[in-house]
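See structure below.
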Amino acid sequence: MKTKRRLEEEKLIMEERKRMSKVKVKLEMMPCVKCGNDMPVLRKVKYGYNFCVNCSTTEKMGGVAIANHKTGNEIQIVPMDVANNINRLAARSGYGVCKGMKHN
């Protein structure tokens with residue numbers, strides 16, 4: 001059974017969560033060096049990127065499930081085109097990482 005103090009604490013926590021959910025954070029923006037479009041300053045300061053996402057030359061990556069389990073999954077990070085192809089093929093009937101499990 002919850003004490004009166006605990007109930008008051010929970011009420012205060014819920015009120016604070018409700019108040020914080022209404023708070024909108026406006027990101028400080030700066031121009032991209034390549035294209036001039038806006039990008040967050042945080043991208044440069046915290047992560048060290050000089051370009052916006054659209055100008056980035058870094059290859060897009062995707063995930064492929066390699067083992068599914070009730071307590072968690074394991075994924076392999078691969079290039080996006082490879083991930084899309086593997087996931088498309090695994091979606092076919094009779095294929096995929098869960099098909100070897102009984103009752104699937």
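Chain labels run A, B, ... following the order of the structure tokens; each chain numbers its residues from 1, and ligands are numbered from 1 in the order shown.
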Using only C-alpha atoms, which protein or nucleic acid residues come within 12 Å of Cys35 in chain A? Drop anything in the same chain fewer than 5 positions from it, and give the result as a list in words.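 Once the adjacent positions are removed, what remains is Met30, Asn50, Phe51, Cys52, Val53, Asn54, Cys55 and Ser56 of chain A.
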For range 78-88 of chain A, list every protein, DNA or RNA residue within 10 Å, evaluated using only C-alpha atoms, and leave out those in the same chain fewer than 6 positions away; present the list as JSON, numbers by chain. {"A": [59, 60, 61, 62, 63, 64, 65, 96]}
Kindly export the residues of the current selection with N, CA and C atoms, as a tab-separated table (two decimals), in the first residue's frame.
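Below you can see result.tsv, which holds the result:
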```tsv
chain	number	residue	atom	x	y	z
A	59	GLU	N	27.90	6.74	-46.09
A	59	GLU	CA	26.94	5.78	-46.62
A	59	GLU	C	25.85	5.49	-45.58
A	60	LYS	N	24.61	5.44	-46.05
A	60	LYS	CA	23.51	5.10	-45.15
A	60	LYS	C	23.62	3.63	-44.77
A	61	MET	N	23.31	3.36	-43.50
A	61	MET	CA	23.40	2.00	-42.98
A	61	MET	C	22.03	1.51	-42.56
A	62	GLY	N	21.87	0.20	-42.52
A	62	GLY	CA	20.61	-0.40	-42.11
A	62	GLY	C	20.89	-1.62	-41.25
A	63	GLY	N	19.85	-2.14	-40.64
A	63	GLY	CA	19.99	-3.30	-39.77
A	63	GLY	C	19.27	-4.51	-40.31
A	64	VAL	N	19.86	-5.68	-40.10
A	64	VAL	CA	19.27	-6.94	-40.51
A	64	VAL	C	19.20	-7.83	-39.28
A	65	ALA	N	18.02	-8.35	-38.98
A	65	ALA	CA	17.88	-9.25	-37.83
A	65	ALA	C	18.59	-10.56	-38.14
A	96	GLY	N	13.64	-16.48	-43.39
A	96	GLY	CA	13.81	-15.54	-42.29
A	96	GLY	C	14.36	-16.21	-41.05
```
What residues in chain A get the DSSP label strand (DSSP E or B)? Please answer as a ChimeraX atom specification. /A:29-31,38-40,61-69,72-79
Backbone-only DSSP, alpha helix (DSSP H) members of chain A, as a PyMOL selection string: chain A and resi 4-21+41-45+80-90
Taken to one decimal, the CA of Ser21 in chain A-CA of Tyr47 in chain A distance is 25.9 Å
Using only C-alpha atoms, the shortest atom-to-atom distance to Glu28 in chain A among A:His69, A:Arg92, A:Arg43, A:Arg5 belongs to A:Arg43
Computed interatomic separation between CA of Lys22 in chain A and CA of Met39 in chain A (Å):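 Those two atoms sit 23.7 Å apart.
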Have a look at CA of Lys24 in chain A and CA of Pro40 in chain A and let me know their distance in Å, one decimal.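 The value is 15.3 Å.
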